[in-house]
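Asks: Quick one, upload00.tsv (TSV, C-alpha atoms and all ligand atoms):
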chain	number	residue	atom	x	y	z
O	1	MET	CA	0.00	0.00	0.00
O	2	SER	CA	1.26	3.48	-0.91
O	3	ALA	CA	2.28	5.37	2.15
O	4	SER	CA	2.14	8.94	0.96
O	5	LYS	CA	-1.65	9.08	0.51
O	6	ILE	CA	-4.71	7.99	2.37
O	7	PRO	CA	-6.55	5.67	-0.06
O	8	ILE	CA	-9.88	6.74	-1.51
O	9	ILE	CA	-12.24	3.77	-1.65
O	10	ASP	CA	-15.32	3.77	-3.89
O	11	PHE	CA	-17.90	2.50	-1.41
O	12	SER	CA	-20.60	1.98	-4.05
O	13	GLY	CA	-19.08	-1.48	-4.61
O	14	PHE	CA	-20.46	-2.49	-1.22
O	15	TYR	CA	-24.03	-1.77	-2.35
O	16	SER	CA	-23.49	-3.47	-5.71
O	17	GLU	CA	-25.11	-6.75	-6.79
O	18	ASP	CA	-21.74	-7.72	-8.20
O	19	SER	CA	-19.99	-9.80	-5.53
O	20	ALA	CA	-16.58	-9.12	-7.04
O	21	LYS	CA	-17.09	-5.38	-6.51
O	22	LYS	CA	-18.15	-5.97	-2.92
O	23	SER	CA	-15.08	-8.11	-2.26
O	24	GLU	CA	-12.89	-5.40	-3.74
O	25	VAL	CA	-14.21	-2.89	-1.17
O	26	VAL	CA	-13.64	-5.41	1.62
O	27	THR	CA	-10.06	-6.02	0.46
O	28	GLN	CA	-9.24	-2.31	0.26
O	29	VAL	CA	-10.69	-1.69	3.70
O	30	ARG	CA	-8.72	-4.61	5.15
O	31	GLU	CA	-5.46	-3.32	3.69
O	32	SER	CA	-6.06	0.18	5.04
O	33	CYS	CA	-6.95	-1.10	8.51
O	34	LEU	CA	-3.85	-3.27	8.64
O	35	TYR	CA	-1.64	-0.45	7.38
O	36	ASN	CA	-2.67	2.61	9.36
O	37	GLY	CA	-6.39	2.47	10.09
O	38	PHE	CA	-7.30	5.41	7.84
O	39	PHE	CA	-9.14	5.58	4.51
O	40	GLN	CA	-11.52	7.90	2.68
O	41	ILE	CA	-14.76	6.73	1.12
O	42	ILE	CA	-16.69	8.21	-1.79
O	43	ASN	CA	-20.10	7.19	-3.19
O	44	HIS	CA	-21.32	6.22	0.26
O	45	SER	CA	-24.81	6.66	1.69
O	46	VAL	CA	-24.51	10.14	3.27
O	47	PRO	CA	-25.80	12.55	0.60
O	48	LEU	CA	-23.68	15.55	-0.37
O	49	GLY	CA	-26.64	17.84	0.40
O	50	HIS	CA	-26.70	16.60	4.01
O	51	GLN	CA	-22.95	17.19	4.31
O	52	GLN	CA	-23.18	20.72	2.97
O	53	ALA	CA	-26.16	21.59	5.15
O	54	ALA	CA	-24.37	20.40	8.30
O	55	LEU	CA	-21.23	22.40	7.45
O	56	LYS	CA	-23.35	25.48	6.74
O	57	SER	CA	-24.96	25.10	10.16
O	58	ALA	CA	-21.57	24.72	11.82
O	59	LYS	CA	-20.35	27.97	10.26
O	60	LYS	CA	-23.50	29.81	11.36
O	61	PHE	CA	-23.09	28.59	14.90
O	62	PHE	CA	-19.42	29.50	15.25
O	63	ASN	CA	-20.16	32.96	13.83
O	64	LEU	CA	-22.45	33.74	16.75
O	65	PRO	CA	-21.24	36.23	19.38
O	66	GLN	CA	-19.19	34.51	22.08
O	67	ASN	CA	-21.89	35.24	24.63
O	68	ASP	CA	-24.49	33.21	22.67
O	69	LYS	CA	-22.09	30.30	22.37
O	70	ASP	CA	-21.25	30.41	26.06
O	71	LYS	CA	-24.94	30.08	26.92
O	72	VAL	CA	-24.88	26.52	25.57
O	73	SER	CA	-21.56	25.60	27.21
O	74	LYS	CA	-20.79	21.94	27.64
O	75	ASN	CA	-20.24	22.91	31.27
O	76	ASN	CA	-23.99	23.16	31.74
O	77	ASN	CA	-24.32	19.38	31.76
O	78	THR	CA	-22.37	16.27	32.58
O	79	TRP	CA	-23.24	14.28	29.44
O	80	ASN	CA	-21.00	16.09	27.00
O	81	ARG	CA	-23.37	18.18	24.91
O	82	GLY	CA	-22.95	21.74	23.77
O	83	TYR	CA	-20.20	24.26	23.19
O	84	GLU	CA	-16.56	23.76	23.98
O	85	MET	CA	-14.56	26.95	23.85
O	86	LEU	CA	-11.13	27.49	22.38
O	87	ARG	CA	-8.23	25.98	24.30
O	88	SER	CA	-10.27	23.49	26.32
O	89	GLN	CA	-8.42	20.33	25.43
O	90	ILE	CA	-4.87	19.02	25.14
O	91	LEU	CA	-4.58	15.71	23.38
O	92	GLU	CA	-0.81	15.81	22.90
O	93	GLU	CA	1.31	16.10	25.97
O	94	GLY	CA	3.73	19.02	25.95
O	95	THR	CA	1.67	21.17	23.60
O	96	GLN	CA	-0.47	24.23	24.34
O	97	PRO	CA	-4.25	24.04	24.76
O	98	GLU	CA	-5.71	23.50	21.32
O	99	LEU	CA	-6.79	26.14	18.83
O	100	LYS	CA	-10.23	24.79	18.12
O	101	GLU	CA	-13.76	25.36	19.33
O	102	GLY	CA	-16.46	22.71	19.11
O	103	PHE	CA	-20.11	21.91	19.53
O	104	TYR	CA	-21.17	18.42	20.65
O	105	ILE	CA	-24.42	16.82	19.53
O	106	GLY	CA	-25.78	13.30	19.97
O	107	ALA	CA	-29.03	11.35	20.01
O	108	ASP	CA	-31.54	13.74	21.60
O	109	LEU	CA	-32.64	11.51	24.49
O	110	PRO	CA	-35.40	12.51	26.92
O	111	VAL	CA	-34.58	12.60	30.63
O	112	ASP	CA	-36.63	9.46	31.30
O	113	HIS	CA	-34.60	7.42	28.81
O	114	PRO	CA	-32.80	4.52	30.59
O	115	TYR	CA	-29.42	5.68	29.25
O	116	PHE	CA	-29.90	9.08	30.85
O	117	VAL	CA	-31.29	7.69	34.08
O	118	GLU	CA	-28.36	5.26	34.34
O	119	LYS	CA	-25.80	7.93	33.33
O	120	LYS	CA	-24.58	6.01	30.32
O	121	LEU	CA	-21.79	7.37	28.18
O	122	ASN	CA	-22.55	10.82	26.67
O	123	SER	CA	-26.32	10.22	26.81
O	124	GLY	CA	-29.08	12.79	27.35
O	125	PRO	CA	-30.78	15.77	25.74
O	126	ASN	CA	-28.93	18.10	23.40
O	127	GLN	CA	-28.50	21.81	24.05
O	128	TRP	CA	-29.73	23.98	21.18
O	129	PRO	CA	-28.29	27.46	20.59
O	130	GLN	CA	-31.23	29.85	20.89
O	131	GLY	CA	-28.94	32.64	19.71
O	132	LEU	CA	-29.46	31.33	16.16
O	133	GLY	CA	-33.00	32.71	16.24
O	134	ASP	CA	-34.80	31.91	12.98
O	135	ASP	CA	-31.90	29.72	11.87
O	136	LEU	CA	-32.31	27.36	14.81
O	137	ASP	CA	-34.76	24.98	13.10
O	138	TYR	CA	-32.44	24.63	10.14
O	139	PHE	CA	-29.50	24.06	12.48
O	140	ARG	CA	-31.32	21.38	14.45
O	141	ASN	CA	-32.69	19.56	11.41
O	142	SER	CA	-29.52	19.66	9.34
O	143	THR	CA	-27.26	18.48	12.17
O	144	MET	CA	-29.59	15.70	13.33
O	145	ASP	CA	-30.23	14.53	9.74
O	146	TYR	CA	-26.50	14.38	9.18
O	147	TYR	CA	-26.00	12.53	12.46
O	148	ASN	CA	-28.66	9.93	11.63
O	149	LYS	CA	-27.30	9.36	8.13
O	150	SER	CA	-23.82	8.90	9.59
O	151	LEU	CA	-25.10	6.21	11.94
O	152	GLU	CA	-26.67	4.32	9.02
O	153	LEU	CA	-23.32	4.49	7.27
O	154	ALA	CA	-21.58	3.27	10.43
O	155	SER	CA	-23.64	0.07	10.25
O	156	ASP	CA	-22.54	-0.47	6.65
O	157	LEU	CA	-18.92	0.19	7.56
O	158	LEU	CA	-19.12	-2.36	10.36
O	159	ARG	CA	-20.49	-4.92	7.91
O	160	VAL	CA	-17.49	-4.35	5.69
O	161	LEU	CA	-15.15	-4.53	8.68
O	162	ALA	CA	-16.76	-7.82	9.75
O	163	LEU	CA	-16.20	-9.33	6.30
O	164	SER	CA	-12.65	-7.99	6.27
O	165	LEU	CA	-11.99	-9.91	9.50
O	166	ASP	CA	-13.50	-13.13	8.10
O	167	LEU	CA	-16.52	-12.82	10.38
O	168	GLU	CA	-20.24	-13.06	9.65
O	169	GLU	CA	-21.37	-9.83	8.00
O	170	ASN	CA	-23.66	-9.02	10.95
O	171	PHE	CA	-21.05	-9.74	13.64
O	172	PHE	CA	-21.24	-6.15	14.95
O	173	ALA	CA	-25.06	-5.90	14.95
O	174	ARG	CA	-25.43	-6.29	18.74
O	175	PHE	CA	-22.74	-3.68	19.31
O	176	MET	CA	-24.65	-1.28	17.01
O	177	ASP	CA	-28.01	-1.96	18.63
O	178	GLY	CA	-28.51	0.95	21.04
O	179	ALA	CA	-25.14	2.39	20.05
O	180	VAL	CA	-23.97	5.71	21.45
O	181	ALA	CA	-22.30	8.07	19.01
O	182	THR	CA	-21.22	11.66	19.43
O	183	MET	CA	-20.84	14.23	16.70
O	184	ARG	CA	-18.72	17.31	17.06
O	185	LEU	CA	-18.83	20.40	14.90
O	186	LEU	CA	-15.31	21.80	14.87
O	187	HIS	CA	-13.88	25.18	13.95
O	188	TYR	CA	-10.15	25.75	13.72
O	189	PRO	CA	-9.21	29.43	13.48
O	190	SER	CA	-6.35	30.07	11.13
O	191	GLN	CA	-3.07	29.76	13.04
O	192	PRO	CA	-0.66	32.66	12.78
O	193	LYS	CA	1.94	31.93	10.11
O	194	ASP	CA	4.76	32.30	12.60
O	195	ALA	CA	3.11	30.09	15.24
O	196	ASP	CA	5.51	27.63	16.76
O	197	GLU	CA	4.52	24.42	15.03
O	198	LYS	CA	5.97	22.31	17.75
O	199	LEU	CA	3.63	23.66	20.36
O	200	THR	CA	0.54	25.00	18.64
O	201	ARG	CA	-2.04	22.53	17.44
O	202	GLY	CA	-5.56	22.73	16.09
O	203	ILE	CA	-5.82	19.31	17.64
O	204	GLY	CA	-2.78	17.60	19.08
O	205	ALA	CA	-1.52	14.20	17.98
O	206	HIS	CA	-3.94	11.61	19.35
O	207	THR	CA	-5.82	8.44	18.62
O	208	ASP	CA	-9.62	8.32	18.81
O	209	PHE	CA	-11.28	6.55	21.69
O	210	GLY	CA	-14.18	4.64	20.17
O	211	ALA	CA	-14.70	2.02	17.47
O	212	ILE	CA	-14.77	4.09	14.28
O	213	THR	CA	-14.79	7.78	13.40
O	214	MET	CA	-16.35	9.22	10.23
O	215	LEU	CA	-15.00	12.68	9.49
O	216	LEU	CA	-16.32	15.30	7.12
O	217	GLN	CA	-13.86	18.09	6.32
O	218	ASP	CA	-14.59	21.12	4.21
O	219	GLU	CA	-12.17	22.28	1.53
O	220	VAL	CA	-9.45	23.52	3.91
O	221	ASP	CA	-6.71	21.00	4.70
O	222	GLY	CA	-4.80	20.54	7.93
O	223	LEU	CA	-5.48	16.94	8.98
O	224	GLN	CA	-2.36	14.79	9.12
O	225	VAL	CA	-2.00	11.07	9.78
O	226	TRP	CA	1.17	9.52	11.19
O	227	ASP	CA	2.84	7.04	8.89
O	228	GLN	CA	4.67	4.73	11.24
O	229	ARG	CA	6.57	2.86	8.54
O	230	ASN	CA	8.01	6.01	6.96
O	231	GLN	CA	8.14	8.08	10.14
O	232	SER	CA	6.38	11.01	8.49
O	233	TRP	CA	3.03	12.82	8.45
O	234	ILE	CA	0.58	12.21	5.58
O	235	ASP	CA	-1.72	15.12	4.67
O	236	VAL	CA	-5.33	14.04	4.16
O	237	GLU	CA	-6.48	15.92	1.09
O	238	PRO	CA	-10.03	17.23	1.34
O	239	THR	CA	-12.10	15.56	-1.37
O	240	THR	CA	-15.62	16.78	-2.14
O	241	GLY	CA	-18.23	14.31	-0.90
O	242	ALA	CA	-15.68	12.05	0.76
O	243	LEU	CA	-15.66	11.01	4.39
O	244	VAL	CA	-12.45	10.12	6.18
O	245	VAL	CA	-12.89	6.91	8.16
O	246	ASN	CA	-10.52	5.88	10.91
O	247	LEU	CA	-10.47	3.22	13.56
O	248	GLY	CA	-10.34	4.11	17.23
O	249	ASN	CA	-8.71	2.48	20.24
O	250	LEU	CA	-11.70	0.27	20.93
O	251	MET	CA	-11.42	-1.38	17.51
O	252	ALA	CA	-7.67	-1.82	17.91
O	253	ARG	CA	-8.25	-3.51	21.27
O	254	TRP	CA	-11.05	-5.65	19.85
O	255	THR	CA	-8.87	-6.88	16.98
O	256	ASN	CA	-5.92	-7.62	19.26
O	257	GLU	CA	-4.14	-4.67	17.61
O	258	LYS	CA	-4.26	-6.35	14.22
O	259	TYR	CA	-6.14	-3.30	12.99
O	260	LYS	CA	-4.60	0.09	13.74
O	261	SER	CA	-5.93	3.02	15.72
O	262	ASN	CA	-3.58	5.59	14.34
O	263	VAL	CA	-2.18	8.89	15.52
O	264	HIS	CA	-3.45	12.01	13.76
O	265	ARG	CA	-3.47	15.77	14.35
O	266	VAL	CA	-4.59	19.07	12.82
O	267	ILE	CA	-2.41	22.10	12.22
O	268	ASN	CA	-4.27	24.78	10.30
O	269	LYS	CA	-1.60	26.70	8.45
O	270	SER	CA	-3.84	27.45	5.48
O	271	GLY	CA	-4.49	31.06	6.40
O	272	LYS	CA	-8.22	30.20	6.26
O	273	GLU	CA	-10.80	29.11	8.78
O	274	ARG	CA	-11.17	25.32	8.86
O	275	TYR	CA	-14.36	23.39	9.67
O	276	SER	CA	-14.83	19.68	10.15
O	277	ILE	CA	-17.44	17.32	11.57
O	278	PRO	CA	-16.30	14.03	13.10
O	279	VAL	CA	-18.86	11.46	14.26
O	280	PHE	CA	-17.41	9.13	16.88
O	281	LEU	CA	-19.05	5.74	17.19
O	282	SER	CA	-18.64	4.34	20.69
O	283	GLY	CA	-21.24	1.55	20.49
O	284	ASN	CA	-23.73	0.10	22.95
O	285	PRO	CA	-22.34	1.13	26.36
O	286	ASP	CA	-23.14	-2.25	27.96
O	287	TYR	CA	-21.60	-4.29	25.18
O	288	VAL	CA	-18.56	-6.26	26.31
O	289	VAL	CA	-15.65	-5.95	23.90
O	290	GLU	CA	-13.70	-9.16	23.93
O	291	CYS	CA	-10.92	-10.17	21.51
O	292	ILE	CA	-12.43	-11.11	18.12
O	293	PRO	CA	-12.10	-14.86	17.52
O	294	THR	CA	-10.32	-14.49	14.17
O	295	CYS	CA	-7.75	-12.13	15.74
O	296	GLN	CA	-6.29	-14.57	18.24
O	297	SER	CA	-4.57	-17.93	18.06
O	298	ALA	CA	-2.43	-20.13	20.25
O	299	GLY	CA	0.66	-18.23	19.13
O	300	ASP	CA	-1.07	-14.86	19.31
O	301	PRO	CA	-3.26	-14.86	22.42
O	302	SER	CA	-5.58	-12.02	23.40
O	303	LYS	CA	-3.60	-9.05	24.78
O	304	TYR	CA	-6.54	-7.48	26.63
O	305	GLU	CA	-9.16	-8.39	29.17
O	306	PRO	CA	-12.81	-8.00	28.14
O	307	ILE	CA	-14.16	-4.51	28.89
O	308	THR	CA	-17.47	-2.72	28.46
O	309	VAL	CA	-17.72	0.08	25.90
O	310	GLN	CA	-18.70	2.39	28.74
O	311	ALA	CA	-15.55	1.68	30.76
O	312	ALA	CA	-13.15	1.84	27.84
O	313	VAL	CA	-14.35	5.10	26.30
O	314	SER	CA	-15.03	7.07	29.47
O	315	ALA	CA	-11.53	6.57	30.85
O	316	ALA	CA	-9.98	8.06	27.72
O	317	TYR	CA	-12.17	11.19	27.78
O	318	ALA	CA	-11.39	11.96	31.40
O	319	GLU	CA	-7.68	11.76	30.75
O	320	SER	CA	-7.59	14.18	27.81
O	321	TYR	CA	-9.62	16.93	29.45
O	322	GLY	CA	-7.67	16.51	32.65
O	323	ARG	CA	-4.49	17.40	30.79
O	324	ALA	CA	-5.84	20.83	29.75
O	325	GLN	CA	-6.86	21.51	33.32
O	326	LEU	CA	-3.44	20.56	34.62
O	327	TYR	CA	-1.68	22.72	32.04
O	328	LYS	CA	-3.63	25.78	33.05
O	329	GLN	CA	-2.98	25.17	36.73
O	330	GLN	CA	0.73	24.66	36.22
O	331	SER	CA	1.25	27.55	33.82
O	332	GLY	CA	-0.42	29.90	36.28
O	333	LYS	CA	-2.82	31.21	33.67
O	334	PRO	CA	-6.31	32.13	34.80
O	335	MET	CA	-8.50	29.15	33.99
O	336	ASP	CA	-11.45	29.81	31.75
O	337	SER	CA	-14.82	28.81	33.13
O	338	GLU	CA	-14.99	25.79	30.83
O	339	VAL	CA	-12.07	24.07	32.47
O	340	GLN	CA	-12.47	25.43	35.96
O	341	ALA	CA	-15.96	24.10	36.43
O	342	LYS	CA	-15.12	20.64	35.30
O	343	PRO	CA	-13.68	18.27	37.88
O	344	LEU	CA	-11.26	15.80	36.37
O	345	ALA	CA	-13.09	12.64	37.32
O	346	SER	CA	-16.31	13.59	35.56
O	347	ALA	CA	-14.74	15.35	32.60
O	348	ALA	CA	-16.92	13.93	29.89
O	349	TYR	CA	-20.32	12.94	31.22
Z	401	LIG	O1	-10.85	18.00	12.42
Z	401	LIG	C1	-10.23	17.04	11.99
Z	401	LIG	O2	-9.90	16.94	10.80
Z	401	LIG	C2	-9.86	15.93	12.92
Z	401	LIG	C3	-10.62	15.91	14.20
Z	401	LIG	C4	-10.22	14.81	15.10
Z	401	LIG	O3	-9.26	14.12	14.89
Z	401	LIG	C5	-11.01	14.53	16.31
Z	401	LIG	O4	-11.92	15.34	16.63
Z	401	LIG	O5	-10.76	13.51	16.97
Z	402	FE	FE	-9.36	12.33	16.08
Output the file's structure as structure tokens, nothing else.
Replies:
Amino acid sequence: MSASKIPIIDFSGFYSEDSAKKSEVVTQVRESCLYNGFFQIINHSVPLGHQQAALKSAKKFFNLPQNDKDKVSKNNNTWNRGYEMLRSQILEEGTQPELKEGFYIGADLPVDHPYFVEKKLNSGPNQWPQGLGDDLDYFRNSTMDYYNKSLELASDLLRVLALSLDLEENFFARFMDGAVATMRLLHYPSQPKDADEKLTRGIGAHTDFGAITMLLQDEVDGLQVWDQRNQSWIDVEPTTGALVVNLGNLMARWTNEKYKSNVHRVINKSGKERYSIPVFLSGNPDYVVECIPTCQSAGDPSKYEPITVQAAVSAAYAESYGRAQLYKQQSGKPMDSEVQAKPLASAAY
């Protein structure tokens, strides 16, 4: 597999009647997952119109006055919904708090839903930015439509992943049933041209926490994927209509590290504002992730104990937000309200 580019896979083969075309998709996905866990897909099931509408909504939201954004702060709840201000997170140790702001959305669950009552991972009602006024309906519909379409695609991707691992196509169905997923609208201000690249990140080098991530980026580049074999960063070229798919730590654990959860980062040196929308699939919080049968053998036993989705994903969130808090304490800077109000142990939900 070529190292200098992230492969673009034509996903229409998966929906084709032609079994050879379907196998070709499965083979390309397998190769990408074994190599570095990143690929782009085109001709998938999330319509371009839905992508554009969601990005338009993101831009409208981030253009609001700071005061309107602060009113829907993620600090207002413990289930990780709402606005996250600039410099709230550090994913790469030794770097400065990150130059991005975000808005978290998920399934809009009522307060009597069992997931909310039982405080399951990132589960509860959304916060909606009233500051958008007449644009709020459009914002709500376009973001939720995009979210729902992404979850349908996630099921298809898991079918392909199952086949790529020589499993039954519906192996991941129970994991998807009642799955939790979180979407984040992201805005990366343009970084000053003379910013110290070593320390300033849009998002620091990290791996994702969940099973898979589906990322929509607009036309501004900045996402880079670590190429372990060549010890260099690969730029992920924005491609109209494409989604970047990458595997998270949960999938790496599940596959006994046969499939990669790879390091990536964003540095926005474009001189333009950058917007992106990742959807993180965590899965059913009660599902127990246990080494996939085809990924272990007598000579290659399971490296990890079984763990629930809830336990695996929540630990990772707490750690990353804790780092930003620590940085601000140690550097003696006044902490913004976002970080101050958030105790480390309950950082994410
Ligand atoms: O914005 C991007 O391109 C990447 C975002 C990302 O890696 C993340 O939110 O985990
Ligand atoms: Fe990421």
Asks: Please identify the residues whose atoms come within 7 Å of ligand FE 402 (chain Z), using all atoms listed in the file, and report them as a VMD selection string.
Replies: chain O and resid 206 to 208 264
Asks: Using only C-alpha atoms, list the residues that have an atom at most 12 Å from (-18.3, -0.9, 6.1), coordinates as in the file, as a ChimeraX atom specification.
Replies: /O:9-15,22-23,25-30,33,39-41,44-45,150-165,169-172,212-214,245-247
Asks: List as number ranges by chain the protein and nucleic acid residues near Val244 in chain O, meaning an atom at most 10 Å away when all atoms listed in the file are counted, but skip any in the same chain fewer than 2 places from it.
Replies: O: 6-8, 38-42, 213-217, 236-239, 242, 246, 278
Asks: Just write the chosen residues, C-alpha atoms, as a JSON list (two decimals), in the coordinates of the input.
Replies:
[["chain", "number", "residue", "atom", "x", "y", "z"],
["O", 6, "ILE", "CA", -4.71, 7.99, 2.37],
["O", 7, "PRO", "CA", -6.55, 5.67, -0.06],
["O", 8, "ILE", "CA", -9.88, 6.74, -1.51],
["O", 38, "PHE", "CA", -7.30, 5.41, 7.84],
["O", 39, "PHE", "CA", -9.14, 5.58, 4.51],
["O", 40, "GLN", "CA", -11.52, 7.90, 2.68],
["O", 41, "ILE", "CA", -14.76, 6.73, 1.12],
["O", 42, "ILE", "CA", -16.69, 8.21, -1.79],
["O", 213, "THR", "CA", -14.79, 7.78, 13.40],
["O", 214, "MET", "CA", -16.35, 9.22, 10.23],
["O", 215, "LEU", "CA", -15.00, 12.68, 9.49],
["O", 216, "LEU", "CA", -16.32, 15.30, 7.12],
["O", 217, "GLN", "CA", -13.86, 18.09, 6.32],
["O", 236, "VAL", "CA", -5.33, 14.04, 4.16],
["O", 237, "GLU", "CA", -6.48, 15.92, 1.09],
["O", 238, "PRO", "CA", -10.03, 17.23, 1.34],
["O", 239, "THR", "CA", -12.10, 15.56, -1.37],
["O", 242, "ALA", "CA", -15.68, 12.05, 0.76],
["O", 246, "ASN", "CA", -10.52, 5.88, 10.91],
["O", 278, "PRO", "CA", -16.30, 14.03, 13.10]]
Asks: What's the 12 Å shell around Tyr147 in chain O, counting all atoms listed in the file, without same-chain residues fewer than 2 positions away, as a count of residues only?
Replies: 37
Asks: So the first atom is CA of Glu92 in chain O and the second is CA of Gln224 in chain O; what is the distance between them in Å, to one decimal place?
Replies: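 Interatomic distance, CA of Glu92 in chain O to CA of Gln224 in chain O: 13.9 Å.
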Asks: Report, as JSON, the centre and edge lengths in Å (one decimal) of the axis-aligned box enclosing every listed atom of ligand LIG 401 (chain Z), padded by 5 Å on each side.
Replies:
{"center_x": -10.6, "center_y": 15.8, "center_z": 13.9, "size_x": 12.7, "size_y": 14.5, "size_z": 16.2}
Asks: Choose the residue, out of O:Asp70, O:Asp177, O:Glu31, O:Asp221, that has the smallest atom-to-atom separation from ligand LIG 401 (chain Z); count only C-alpha atoms and all ligand atoms.
Replies: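 Of O:Asp70, O:Asp177, O:Glu31, O:Asp221, the one nearest ligand LIG 401 (chain Z) is O:Asp221, counting only C-alpha atoms and all ligand atoms.
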Asks: Which one is closest to ligand LIG 401 (chain Z): O:Pro301, O:Gly248, O:Gly271, O:Pro114? Count all atoms listed in the file.
Replies: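 Closest to ligand LIG 401 (chain Z) of all the choices is O:Gly248.
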Asks: Which residues, written as number ranges by chain, have at least one atom at most 12 Å from Arg253 in chain O, with only C-alpha atoms counted and residues fewer than 6 positions away on the same chain left out?
Replies: O: 209-211, 247, 259-261, 288-292, 295-296, 302-309, 312-313
Asks: For the atom pair CA of Gly222 in chain O and CA of Pro192 in chain O, what is the interatomic distance in Å to one decimal place?
Replies: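 Rounded to one decimal, the two atoms are 13.7 Å apart.
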Asks: Between CA of Ser297 in chain O and CA of Glu168 in chain O, what is the spacing in Å?
Replies: 18.4 Å
Asks: Compare O:Asp286, O:Glu219, O:Glu118, O:Asp137 by their minimum atom-to-atom distance to ligand LIG 401 (chain Z), counting only C-alpha atoms and all ligand atoms, and give me the closest one.
Replies: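 Selected residue with least distance to ligand LIG 401 (chain Z): O:Glu219.
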Asks: Considering all atoms listed in the file, state which residue in the set O:Val225, O:Met176, O:Leu55, O:Leu243 is at the smallest distance from Asn43 in chain O.
Replies: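 Checking each candidate against Asn43 in chain O, we get O:Leu243 as the closest.
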Asks: May I ask which of the residues O:Gly178, O:Gly102, O:Pro293, O:Gly241 is the closest one to ligand LIG 401 (chain Z), counting all atoms listed in the file?
Replies: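 Answer, going by the shortest atom-to-atom distance: O:Gly102.
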Asks: Quick one: of O:Gln130, O:Asn230, O:Ser276, O:Thr78, who's nearest to Phe116 in chain O, counting all atoms listed in the file?
Replies: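 Closest to Phe116 in chain O of all the choices is O:Thr78.
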Asks: Using the atoms already present, construct N, CA and C atoms for range 264-280 of chain O and hand them back as a PDB file, keeping the file's coordinate frame.
Replies:
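Saved file out_30.pdb follows:
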ATOM      1  N   HIS O 264      -3.190  10.944  14.722  1.00  0.00           N
ATOM      2  CA  HIS O 264      -3.450  12.010  13.760  1.00  0.00           C
ATOM      3  C   HIS O 264      -3.526  13.344  14.492  1.00  0.00           C
ATOM      4  N   ARG O 265      -3.454  14.436  13.741  1.00  0.00           N
ATOM      5  CA  ARG O 265      -3.470  15.770  14.350  1.00  0.00           C
ATOM      6  C   ARG O 265      -3.960  16.772  13.300  1.00  0.00           C
ATOM      7  N   VAL O 266      -4.247  17.989  13.754  1.00  0.00           N
ATOM      8  CA  VAL O 266      -4.590  19.070  12.820  1.00  0.00           C
ATOM      9  C   VAL O 266      -3.727  20.272  13.133  1.00  0.00           C
ATOM     10  N   ILE O 267      -3.072  20.804  12.113  1.00  0.00           N
ATOM     11  CA  ILE O 267      -2.410  22.100  12.220  1.00  0.00           C
ATOM     12  C   ILE O 267      -2.940  22.940  11.056  1.00  0.00           C
ATOM     13  N   ASN O 268      -3.640  23.984  11.368  1.00  0.00           N
ATOM     14  CA  ASN O 268      -4.270  24.780  10.300  1.00  0.00           C
ATOM     15  C   ASN O 268      -3.383  25.941   9.897  1.00  0.00           C
ATOM     16  N   LYS O 269      -2.520  25.660   8.911  1.00  0.00           N
ATOM     17  CA  LYS O 269      -1.600  26.700   8.450  1.00  0.00           C
ATOM     18  C   LYS O 269      -2.079  27.332   7.142  1.00  0.00           C
ATOM     19  N   SER O 270      -3.331  27.052   6.800  1.00  0.00           N
ATOM     20  CA  SER O 270      -3.840  27.450   5.480  1.00  0.00           C
ATOM     21  C   SER O 270      -4.057  28.951   5.328  1.00  0.00           C
ATOM     22  N   GLY O 271      -4.125  29.642   6.458  1.00  0.00           N
ATOM     23  CA  GLY O 271      -4.490  31.060   6.400  1.00  0.00           C
ATOM     24  C   GLY O 271      -5.997  31.243   6.335  1.00  0.00           C
ATOM     25  N   LYS O 272      -6.747  30.124   6.313  1.00  0.00           N
ATOM     26  CA  LYS O 272      -8.220  30.200   6.260  1.00  0.00           C
ATOM     27  C   LYS O 272      -8.816  29.531   7.494  1.00  0.00           C
ATOM     28  N   GLU O 273     -10.080  29.798   7.701  1.00  0.00           N
ATOM     29  CA  GLU O 273     -10.800  29.110   8.780  1.00  0.00           C
ATOM     30  C   GLU O 273     -11.049  27.664   8.325  1.00  0.00           C
ATOM     31  N   ARG O 274     -10.901  26.714   9.232  1.00  0.00           N
ATOM     32  CA  ARG O 274     -11.170  25.320   8.860  1.00  0.00           C
ATOM     33  C   ARG O 274     -12.343  24.779   9.668  1.00  0.00           C
ATOM     34  N   TYR O 275     -13.208  24.011   8.998  1.00  0.00           N
ATOM     35  CA  TYR O 275     -14.360  23.390   9.670  1.00  0.00           C
ATOM     36  C   TYR O 275     -14.337  21.901   9.393  1.00  0.00           C
ATOM     37  N   SER O 276     -14.712  21.121  10.383  1.00  0.00           N
ATOM     38  CA  SER O 276     -14.830  19.680  10.150  1.00  0.00           C
ATOM     39  C   SER O 276     -15.908  19.128  11.088  1.00  0.00           C
ATOM     40  N   ILE O 277     -16.397  17.952  10.741  1.00  0.00           N
ATOM     41  CA  ILE O 277     -17.440  17.320  11.570  1.00  0.00           C
ATOM     42  C   ILE O 277     -17.124  15.827  11.739  1.00  0.00           C
ATOM     43  N   PRO O 278     -16.464  15.456  12.828  1.00  0.00           N
ATOM     44  CA  PRO O 278     -16.300  14.030  13.100  1.00  0.00           C
ATOM     45  C   PRO O 278     -17.524  13.451  13.823  1.00  0.00           C
ATOM     46  N   VAL O 279     -17.862  12.217  13.496  1.00  0.00           N
ATOM     47  CA  VAL O 279     -18.860  11.460  14.260  1.00  0.00           C
ATOM     48  C   VAL O 279     -18.129  10.261  14.853  1.00  0.00           C
ATOM     49  N   PHE O 280     -18.144  10.185  16.176  1.00  0.00           N
ATOM     50  CA  PHE O 280     -17.410   9.130  16.880  1.00  0.00           C
ATOM     51  C   PHE O 280     -18.392   8.040  17.291  1.00  0.00           C
TER      52      PHE O 280
END
